[in-house]
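The structure appears right after this line, and notes come after that.
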Amino acid sequence: MTDRHLNRPVVGYRAFTVRRGGRLFSQYSDVEWPSFPGVTFRAKCELERYAGMMDLSSRLAPVGEHARFKLELQGIEEHDAPHVRCGCGIHALYDVGSVSDATVPWEEGEAVFGLVTGWGEVIPHPDGFRCSHARIHALAGASTEARAAALNCEVPLVGRRSELVDLAPRFGRPMPTHLVPEEASVRRIEHLVGGIV
Ligand SMILES: [Zn+2]
C-alpha cells in the first residue's frame, strides 16, 4: 500500500509502441496492453523479471552503476505495485509535451501518444505518477498502426498530441497540486516568476 489512494481518476500522458494490427506495448518493458474496448489495467511488479536480467545486463553496464542498482533493490520484498522503493506501476506524465516519442531501438514499431487516467494506489512524482489502475481514453498519431490501435480500443484518435489535452477533462482531473512533490512546486513558482517578469 502507498500513502496515496485516489478513487477519482487523474489524467496523464504516455507513449506506447504500436505494432502490426494496432497492438500496444509499453515502450521499455515490452508489456502488451490488450487492445480491447474499455479495458482497465492493473499494475504488477516485475521486479523478479528485472532482477533476473541484472546478471545479463551486468556484462554491459558499468560496474559502479550495476552495484548501485543492486543496492537500490536490497530489502524490497514482493509487493503490490506501485511501491515507493521500486519503479513499478503504470507510468504517466502530467505534461504531454514532455512525453518522449523514442521507441525501443531494438524493437520494431513506432510511438503513439495516449491519454490515460490512473487511480487506486498512486505515487505522484514531480513530472508524473505511477499508479495501480489505469485506462486508455484517446490516442494521437497519423500512422496506419495508430488508426488500427484506436479502432481496436474504440477510443478517439487525434492527429496531434496537443489535442489530447482538450479531451482530458472528459475523463479525469489533473493531479491535485498539493500531492505533487516539492521539486515540481519549486519549478512552477520559477515559471510564474519568469512569466511575471
Ligand atoms: Zn515493484
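Identifiers in the C-alpha cells: chain A, B, ... in order shown; residue index from 1 per chain; ligand index from 1 in order shown.
The shell of residues at most 10 Å from region 31-33 of chain A, with only C-alpha atoms counted and near chain neighbours (fewer than 3 positions) removed, consists of Phe16, Thr17, Val18, Arg23, Leu24, Phe25, Ser26, Gln27, Tyr28, Phe36, Val39, Thr40, Phe41, Arg135 and Ile136 of chain A.
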For those residues, write all heavy atoms to a file as a short mmCIF file (atom, residue, chain, number, x, y, z; two decimals), in the first residue's frame.
```
data_model
loop_
_atom_site.label_atom_id
_atom_site.label_comp_id
_atom_site.auth_asym_id
_atom_site.auth_seq_id
_atom_site.Cartn_x
_atom_site.Cartn_y
_atom_site.Cartn_z
N PHE A 16 3.12 4.73 -26.28
CA PHE A 16 3.15 3.28 -26.46
C PHE A 16 3.91 2.99 -27.74
O PHE A 16 4.00 3.84 -28.63
CB PHE A 16 1.73 2.71 -26.63
CG PHE A 16 0.80 3.03 -25.51
CD1 PHE A 16 0.00 4.17 -25.56
CD2 PHE A 16 0.71 2.21 -24.39
CE1 PHE A 16 -0.86 4.47 -24.52
CE2 PHE A 16 -0.14 2.51 -23.35
CZ PHE A 16 -0.94 3.64 -23.42
N THR A 17 4.41 1.77 -27.82
CA THR A 17 4.90 1.31 -29.11
C THR A 17 3.75 0.56 -29.76
O THR A 17 3.15 -0.33 -29.15
CB THR A 17 6.10 0.37 -28.93
OG1 THR A 17 7.16 1.10 -28.29
CG2 THR A 17 6.60 -0.14 -30.27
N VAL A 18 3.41 0.95 -30.98
CA VAL A 18 2.31 0.28 -31.67
C VAL A 18 2.88 -0.55 -32.80
O VAL A 18 3.76 -0.11 -33.54
CB VAL A 18 1.25 1.31 -32.14
CG1 VAL A 18 1.85 2.36 -33.04
CG2 VAL A 18 0.09 0.63 -32.83
N ARG A 23 -1.45 -3.31 -32.15
CA ARG A 23 -1.23 -3.81 -30.78
C ARG A 23 -0.30 -2.85 -30.02
O ARG A 23 0.71 -2.40 -30.55
CB ARG A 23 -0.62 -5.21 -30.82
CG ARG A 23 -1.60 -6.24 -31.37
CD ARG A 23 -0.92 -7.54 -31.71
NE ARG A 23 -0.31 -8.16 -30.54
CZ ARG A 23 0.49 -9.23 -30.61
NH1 ARG A 23 0.79 -9.76 -31.78
NH2 ARG A 23 1.00 -9.76 -29.52
N LEU A 24 -0.69 -2.55 -28.78
CA LEU A 24 0.04 -1.56 -27.98
C LEU A 24 0.96 -2.25 -26.98
O LEU A 24 0.57 -3.21 -26.31
CB LEU A 24 -0.94 -0.68 -27.21
CG LEU A 24 -1.85 0.21 -28.07
CD1 LEU A 24 -2.93 0.84 -27.20
CD2 LEU A 24 -1.03 1.29 -28.76
N PHE A 25 2.18 -1.71 -26.87
CA PHE A 25 3.15 -2.23 -25.92
C PHE A 25 3.77 -1.06 -25.15
O PHE A 25 3.90 0.05 -25.68
CB PHE A 25 4.29 -2.98 -26.65
CG PHE A 25 3.84 -4.23 -27.34
CD1 PHE A 25 3.23 -4.16 -28.59
CD2 PHE A 25 4.00 -5.47 -26.75
CE1 PHE A 25 2.81 -5.32 -29.24
CE2 PHE A 25 3.59 -6.63 -27.39
CZ PHE A 25 2.98 -6.55 -28.64
N SER A 26 4.17 -1.34 -23.89
CA SER A 26 4.97 -0.36 -23.17
C SER A 26 6.27 -0.19 -23.92
O SER A 26 6.79 -1.13 -24.52
CB SER A 26 5.25 -0.85 -21.74
OG SER A 26 4.07 -0.79 -20.98
N GLN A 27 6.83 1.03 -23.86
CA GLN A 27 7.99 1.32 -24.68
C GLN A 27 9.25 0.60 -24.23
O GLN A 27 10.10 0.28 -25.03
CB GLN A 27 8.24 2.82 -24.69
CG GLN A 27 7.32 3.56 -25.63
CD GLN A 27 7.63 5.02 -25.62
OE1 GLN A 27 7.51 5.66 -24.61
NE2 GLN A 27 8.03 5.55 -26.76
N TYR A 28 9.38 0.41 -22.93
CA TYR A 28 10.64 -0.13 -22.45
C TYR A 28 10.54 -1.52 -21.86
O TYR A 28 11.48 -2.29 -21.91
CB TYR A 28 11.26 0.84 -21.43
CG TYR A 28 11.50 2.19 -22.05
CD1 TYR A 28 10.66 3.25 -21.77
CD2 TYR A 28 12.52 2.37 -22.97
CE1 TYR A 28 10.85 4.49 -22.37
CE2 TYR A 28 12.72 3.59 -23.59
CZ TYR A 28 11.88 4.65 -23.28
OH TYR A 28 12.07 5.85 -23.89
N PHE A 36 -8.37 -3.85 -26.42
CA PHE A 36 -9.81 -4.08 -26.49
C PHE A 36 -10.52 -2.89 -25.86
O PHE A 36 -9.92 -2.17 -25.06
CB PHE A 36 -10.20 -5.36 -25.74
CG PHE A 36 -9.53 -6.59 -26.27
CD1 PHE A 36 -8.56 -7.22 -25.53
CD2 PHE A 36 -9.87 -7.10 -27.51
CE1 PHE A 36 -7.93 -8.36 -26.01
CE2 PHE A 36 -9.24 -8.24 -28.00
CZ PHE A 36 -8.28 -8.87 -27.26
N VAL A 39 -10.84 -1.55 -21.39
CA VAL A 39 -10.02 -2.39 -20.52
C VAL A 39 -9.43 -1.55 -19.39
O VAL A 39 -8.88 -0.48 -19.61
CB VAL A 39 -8.86 -3.04 -21.31
CG1 VAL A 39 -7.96 -3.84 -20.38
CG2 VAL A 39 -9.40 -3.91 -22.42
N THR A 40 -9.58 -2.03 -18.17
CA THR A 40 -8.87 -1.44 -17.04
C THR A 40 -7.61 -2.26 -16.79
O THR A 40 -7.68 -3.49 -16.70
CB THR A 40 -9.75 -1.44 -15.77
OG1 THR A 40 -10.86 -0.58 -15.98
CG2 THR A 40 -8.95 -0.94 -14.56
N PHE A 41 -6.48 -1.56 -16.70
CA PHE A 41 -5.21 -2.24 -16.49
C PHE A 41 -4.82 -2.18 -15.03
O PHE A 41 -5.01 -1.17 -14.37
CB PHE A 41 -4.12 -1.60 -17.35
CG PHE A 41 -4.39 -1.73 -18.81
CD1 PHE A 41 -5.07 -0.73 -19.49
CD2 PHE A 41 -4.02 -2.86 -19.49
CE1 PHE A 41 -5.36 -0.85 -20.83
CE2 PHE A 41 -4.30 -2.99 -20.84
CZ PHE A 41 -4.97 -1.99 -21.50
N ARG A 135 -6.52 3.34 -17.41
CA ARG A 135 -7.33 3.08 -18.60
C ARG A 135 -6.90 4.04 -19.71
O ARG A 135 -6.53 5.18 -19.45
CB ARG A 135 -8.82 3.29 -18.26
CG ARG A 135 -9.75 2.88 -19.39
CD ARG A 135 -11.19 2.91 -18.93
NE ARG A 135 -11.53 1.71 -18.17
CZ ARG A 135 -12.77 1.24 -18.04
NH1 ARG A 135 -13.77 1.87 -18.62
NH2 ARG A 135 -13.01 0.16 -17.34
N ILE A 136 -6.96 3.56 -20.96
CA ILE A 136 -6.63 4.39 -22.12
C ILE A 136 -7.92 5.04 -22.63
O ILE A 136 -8.95 4.36 -22.78
CB ILE A 136 -6.04 3.53 -23.26
CG1 ILE A 136 -4.79 2.79 -22.77
CG2 ILE A 136 -5.70 4.39 -24.47
CD1 ILE A 136 -4.27 1.76 -23.78
#
```
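Restricting the atom set to only C-alpha atoms and all ligand atoms, one finds that the residues within 9 Å of ligand 1 amount to Lys44, Cys45, Glu46, Leu47, Glu48, Ile76, Glu77, Glu78, His79, Asp80, Ala81, Pro82, His83, Val84, Arg85, Cys86, Gly87, Cys88 and Gly89 of chain A.
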Next, the residues of the selection above should be written as a PDB file, in the first residue's frame with N, CA, C and O atoms.
```
ATOM      1  N   LYS A  44       1.405  -4.744 -12.165  1.00  0.00           N
ATOM      2  CA  LYS A  44       2.000  -5.878 -11.468  1.00  0.00           C
ATOM      3  C   LYS A  44       3.507  -5.652 -11.467  1.00  0.00           C
ATOM      4  O   LYS A  44       4.094  -5.323 -12.490  1.00  0.00           O
ATOM      5  N   CYS A  45       4.110  -5.802 -10.299  1.00  0.00           N
ATOM      6  CA  CYS A  45       5.553  -5.587 -10.212  1.00  0.00           C
ATOM      7  C   CYS A  45       6.287  -6.747 -10.879  1.00  0.00           C
ATOM      8  O   CYS A  45       5.977  -7.909 -10.639  1.00  0.00           O
ATOM      9  N   GLU A  46       7.277  -6.381 -11.699  1.00  0.00           N
ATOM     10  CA  GLU A  46       8.070  -7.407 -12.346  1.00  0.00           C
ATOM     11  C   GLU A  46       9.510  -7.323 -11.881  1.00  0.00           C
ATOM     12  O   GLU A  46      10.446  -7.519 -12.656  1.00  0.00           O
ATOM     13  N   LEU A  47       9.643  -7.017 -10.596  1.00  0.00           N
ATOM     14  CA  LEU A  47      10.973  -6.903 -10.009  1.00  0.00           C
ATOM     15  C   LEU A  47      11.804  -8.149 -10.282  1.00  0.00           C
ATOM     16  O   LEU A  47      12.973  -8.072 -10.640  1.00  0.00           O
ATOM     17  N   GLU A  48      11.157  -9.306 -10.142  1.00  0.00           N
ATOM     18  CA  GLU A  48      11.897 -10.555 -10.335  1.00  0.00           C
ATOM     19  C   GLU A  48      12.415 -10.674 -11.765  1.00  0.00           C
ATOM     20  O   GLU A  48      13.532 -11.111 -12.001  1.00  0.00           O
ATOM     21  N   ILE A  76      13.766  -5.035  -0.690  1.00  0.00           N
ATOM     22  CA  ILE A  76      12.418  -4.904  -1.231  1.00  0.00           C
ATOM     23  C   ILE A  76      11.820  -6.292  -1.402  1.00  0.00           C
ATOM     24  O   ILE A  76      12.323  -7.100  -2.173  1.00  0.00           O
ATOM     25  N   GLU A  77      10.774  -6.551  -0.644  1.00  0.00           N
ATOM     26  CA  GLU A  77      10.120  -7.851  -0.741  1.00  0.00           C
ATOM     27  C   GLU A  77       9.103  -7.803  -1.878  1.00  0.00           C
ATOM     28  O   GLU A  77       8.818  -6.750  -2.449  1.00  0.00           O
ATOM     29  N   GLU A  78       8.560  -8.949  -2.164  1.00  0.00           N
ATOM     30  CA  GLU A  78       7.478  -9.000  -3.146  1.00  0.00           C
ATOM     31  C   GLU A  78       6.350  -8.077  -2.679  1.00  0.00           C
ATOM     32  O   GLU A  78       6.028  -8.031  -1.493  1.00  0.00           O
ATOM     33  N   HIS A  79       5.778  -7.327  -3.588  1.00  0.00           N
ATOM     34  CA  HIS A  79       4.831  -6.288  -3.165  1.00  0.00           C
ATOM     35  C   HIS A  79       3.817  -5.990  -4.259  1.00  0.00           C
ATOM     36  O   HIS A  79       4.020  -6.345  -5.427  1.00  0.00           O
ATOM     37  N   ASP A  80       2.763  -5.308  -3.860  1.00  0.00           N
ATOM     38  CA  ASP A  80       1.807  -4.801  -4.830  1.00  0.00           C
ATOM     39  C   ASP A  80       2.401  -3.556  -5.479  1.00  0.00           C
ATOM     40  O   ASP A  80       3.145  -2.807  -4.850  1.00  0.00           O
ATOM     41  N   ALA A  81       2.059  -3.332  -6.729  1.00  0.00           N
ATOM     42  CA  ALA A  81       2.538  -2.156  -7.450  1.00  0.00           C
ATOM     43  C   ALA A  81       1.500  -1.028  -7.343  1.00  0.00           C
ATOM     44  O   ALA A  81       0.309  -1.307  -7.347  1.00  0.00           O
ATOM     45  N   PRO A  82       1.973   0.223  -7.245  1.00  0.00           N
ATOM     46  CA  PRO A  82       3.374   0.653  -7.193  1.00  0.00           C
ATOM     47  C   PRO A  82       3.908   0.638  -5.768  1.00  0.00           C
ATOM     48  O   PRO A  82       3.138   0.700  -4.819  1.00  0.00           O
ATOM     49  N   HIS A  83       5.220   0.580  -5.653  1.00  0.00           N
ATOM     50  CA  HIS A  83       5.880   0.586  -4.351  1.00  0.00           C
ATOM     51  C   HIS A  83       6.863   1.759  -4.328  1.00  0.00           C
ATOM     52  O   HIS A  83       7.551   1.995  -5.321  1.00  0.00           O
ATOM     53  N   VAL A  84       6.894   2.455  -3.195  1.00  0.00           N
ATOM     54  CA  VAL A  84       7.715   3.673  -3.138  1.00  0.00           C
ATOM     55  C   VAL A  84       9.204   3.410  -3.362  1.00  0.00           C
ATOM     56  O   VAL A  84       9.920   4.290  -3.853  1.00  0.00           O
ATOM     57  N   ARG A  85       9.679   2.221  -3.025  1.00  0.00           N
ATOM     58  CA  ARG A  85      11.114   1.959  -3.162  1.00  0.00           C
ATOM     59  C   ARG A  85      11.423   1.167  -4.429  1.00  0.00           C
ATOM     60  O   ARG A  85      12.515   0.641  -4.591  1.00  0.00           O
ATOM     61  N   CYS A  86      10.446   1.036  -5.302  1.00  0.00           N
ATOM     62  CA  CYS A  86      10.618   0.300  -6.547  1.00  0.00           C
ATOM     63  C   CYS A  86      10.235   1.238  -7.695  1.00  0.00           C
ATOM     64  O   CYS A  86       9.838   2.374  -7.464  1.00  0.00           O
ATOM     65  N   GLY A  87      10.382   0.783  -8.906  1.00  0.00           N
ATOM     66  CA  GLY A  87       9.999   1.608 -10.045  1.00  0.00           C
ATOM     67  C   GLY A  87       8.724   1.126 -10.704  1.00  0.00           C
ATOM     68  O   GLY A  87       8.364   1.571 -11.792  1.00  0.00           O
ATOM     69  N   CYS A  88       8.020   0.208 -10.040  1.00  0.00           N
ATOM     70  CA  CYS A  88       6.884  -0.449 -10.689  1.00  0.00           C
ATOM     71  C   CYS A  88       5.635   0.432 -10.678  1.00  0.00           C
ATOM     72  O   CYS A  88       5.584   1.472 -10.050  1.00  0.00           O
ATOM     73  N   GLY A  89       4.628  -0.039 -11.372  1.00  0.00           N
ATOM     74  CA  GLY A  89       3.382   0.714 -11.507  1.00  0.00           C
ATOM     75  C   GLY A  89       3.212   1.174 -12.939  1.00  0.00           C
ATOM     76  O   GLY A  89       4.131   1.076 -13.755  1.00  0.00           O
TER      77      GLY A  89
END
```
d(CA of Tyr13 (chain A), CA of Leu93 (chain A)) in Å = 5.1 Å
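Considering only C-alpha atoms, the residue among A:Ala102, A:Ala142, A:Val116, A:Arg4 positioned nearest to Gly159 (chain A) is A:Ala142.
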message = For the structure I just gave you, how does DSSP split region 125-196 of chain A - specifically, which residues are helix (DSSP H, G or I)? Reply as a PyMOL selection string.
response = chain A and resi 144-153+162-170+177-179+182-196
Dump of N, CA and C atoms for the selected residues, as a tab-separated table (two decimals), in the first residue's frame:
```tsv
chain	number	residue	atom	x	y	z
A	144	THR	N	-1.00	4.20	-39.98
A	144	THR	CA	-1.97	3.12	-40.13
A	144	THR	C	-2.09	2.34	-38.82
A	145	GLU	N	-0.94	2.13	-38.16
A	145	GLU	CA	-0.95	1.37	-36.91
A	145	GLU	C	-1.70	2.13	-35.82
A	146	ALA	N	-1.53	3.44	-35.79
A	146	ALA	CA	-2.23	4.24	-34.78
A	146	ALA	C	-3.74	4.16	-35.00
A	147	ARG	N	-4.15	4.21	-36.26
A	147	ARG	CA	-5.58	4.08	-36.57
A	147	ARG	C	-6.11	2.72	-36.13
A	148	ALA	N	-5.32	1.69	-36.40
A	148	ALA	CA	-5.74	0.34	-36.01
A	148	ALA	C	-5.86	0.21	-34.49
A	149	ALA	N	-4.91	0.81	-33.77
A	149	ALA	CA	-4.95	0.73	-32.30
A	149	ALA	C	-6.20	1.43	-31.76
A	150	ALA	N	-6.51	2.61	-32.32
A	150	ALA	CA	-7.68	3.35	-31.85
A	150	ALA	C	-8.97	2.58	-32.16
A	151	LEU	N	-8.98	1.92	-33.32
A	151	LEU	CA	-10.15	1.10	-33.66
A	151	LEU	C	-10.29	-0.07	-32.70
A	152	ASN	N	-9.18	-0.74	-32.43
A	152	ASN	CA	-9.21	-1.89	-31.52
A	152	ASN	C	-9.70	-1.50	-30.13
A	153	CYS	N	-9.18	-0.37	-29.64
A	153	CYS	CA	-9.51	0.08	-28.28
A	153	CYS	C	-10.84	0.84	-28.23
A	162	SER	N	-1.09	17.38	-28.77
A	162	SER	CA	-1.65	18.51	-28.00
A	162	SER	C	-3.18	18.43	-27.93
A	163	GLU	N	-3.79	17.77	-28.91
A	163	GLU	CA	-5.26	17.64	-28.91
A	163	GLU	C	-5.75	16.71	-27.80
A	164	LEU	N	-4.87	15.87	-27.29
A	164	LEU	CA	-5.25	15.00	-26.18
A	164	LEU	C	-5.61	15.83	-24.94
A	165	VAL	N	-4.95	16.97	-24.81
A	165	VAL	CA	-5.17	17.83	-23.64
A	165	VAL	C	-6.62	18.34	-23.63
A	166	ASP	N	-7.15	18.63	-24.83
A	166	ASP	CA	-8.54	19.11	-24.90
A	166	ASP	C	-9.53	18.05	-24.45
A	167	LEU	N	-9.19	16.79	-24.67
A	167	LEU	CA	-10.10	15.70	-24.32
A	167	LEU	C	-10.01	15.31	-22.84
A	168	ALA	N	-8.90	15.65	-22.22
A	168	ALA	CA	-8.61	15.16	-20.87
A	168	ALA	C	-9.72	15.42	-19.83
A	169	PRO	N	-10.33	16.63	-19.80
A	169	PRO	CA	-11.32	16.89	-18.74
A	169	PRO	C	-12.54	15.96	-18.79
A	170	ARG	N	-12.77	15.33	-19.92
A	170	ARG	CA	-13.90	14.39	-20.01
A	170	ARG	C	-13.68	13.15	-19.14
A	177	THR	N	-2.59	19.62	-6.97
A	177	THR	CA	-1.28	20.26	-6.79
A	177	THR	C	-0.63	19.90	-5.46
A	178	HIS	N	-1.46	19.79	-4.43
A	178	HIS	CA	-0.88	19.56	-3.10
A	178	HIS	C	-0.27	18.16	-2.96
A	179	LEU	N	-0.58	17.27	-3.92
A	179	LEU	CA	0.00	15.93	-3.86
A	179	LEU	C	1.33	15.82	-4.62
A	182	GLU	N	7.52	18.42	-3.77
A	182	GLU	CA	8.03	19.79	-3.66
A	182	GLU	C	8.83	20.24	-4.88
A	183	GLU	N	9.65	19.36	-5.42
A	183	GLU	CA	10.54	19.74	-6.52
A	183	GLU	C	9.77	20.40	-7.66
A	184	ALA	N	8.59	19.83	-7.99
A	184	ALA	CA	7.80	20.39	-9.08
A	184	ALA	C	7.22	21.74	-8.68
A	185	SER	N	6.81	21.85	-7.41
A	185	SER	CA	6.25	23.11	-6.94
A	185	SER	C	7.27	24.23	-7.10
A	186	VAL	N	8.51	23.92	-6.79
A	186	VAL	CA	9.57	24.92	-6.90
A	186	VAL	C	9.70	25.38	-8.35
A	187	ARG	N	9.66	24.38	-9.28
A	187	ARG	CA	9.80	24.73	-10.70
A	187	ARG	C	8.63	25.59	-11.18
A	188	ARG	N	7.42	25.25	-10.69
A	188	ARG	CA	6.25	26.02	-11.12
A	188	ARG	C	6.37	27.47	-10.66
A	189	ILE	N	6.85	27.65	-9.44
A	189	ILE	CA	7.00	29.00	-8.92
A	189	ILE	C	8.01	29.76	-9.78
A	190	GLU	N	9.09	29.09	-10.16
A	190	GLU	CA	10.08	29.75	-11.02
A	190	GLU	C	9.46	30.16	-12.35
A	191	HIS	N	8.59	29.27	-12.87
A	191	HIS	CA	7.88	29.58	-14.12
A	191	HIS	C	7.05	30.83	-13.95
A	192	LEU	N	6.31	30.87	-12.84
A	192	LEU	CA	5.42	32.00	-12.58
A	192	LEU	C	6.21	33.29	-12.48
A	193	VAL	N	7.28	33.23	-11.72
A	193	VAL	CA	8.10	34.43	-11.55
A	193	VAL	C	8.63	34.90	-12.91
A	194	GLY	N	9.08	33.90	-13.71
A	194	GLY	CA	9.59	34.25	-15.04
A	194	GLY	C	8.52	34.93	-15.89
A	195	GLY	N	7.28	34.40	-15.76
A	195	GLY	CA	6.19	34.95	-16.55
A	195	GLY	C	5.86	36.38	-16.16
A	196	ILE	N	5.90	36.65	-14.86
A	196	ILE	CA	5.56	37.98	-14.37
A	196	ILE	C	6.61	38.99	-14.82
```
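The nearest approach to Pro9 (chain A) among the residues A:Leu157, A:Ala43, A:Val122, A:Ala138, with only C-alpha atoms taken into account, belongs to A:Val122.
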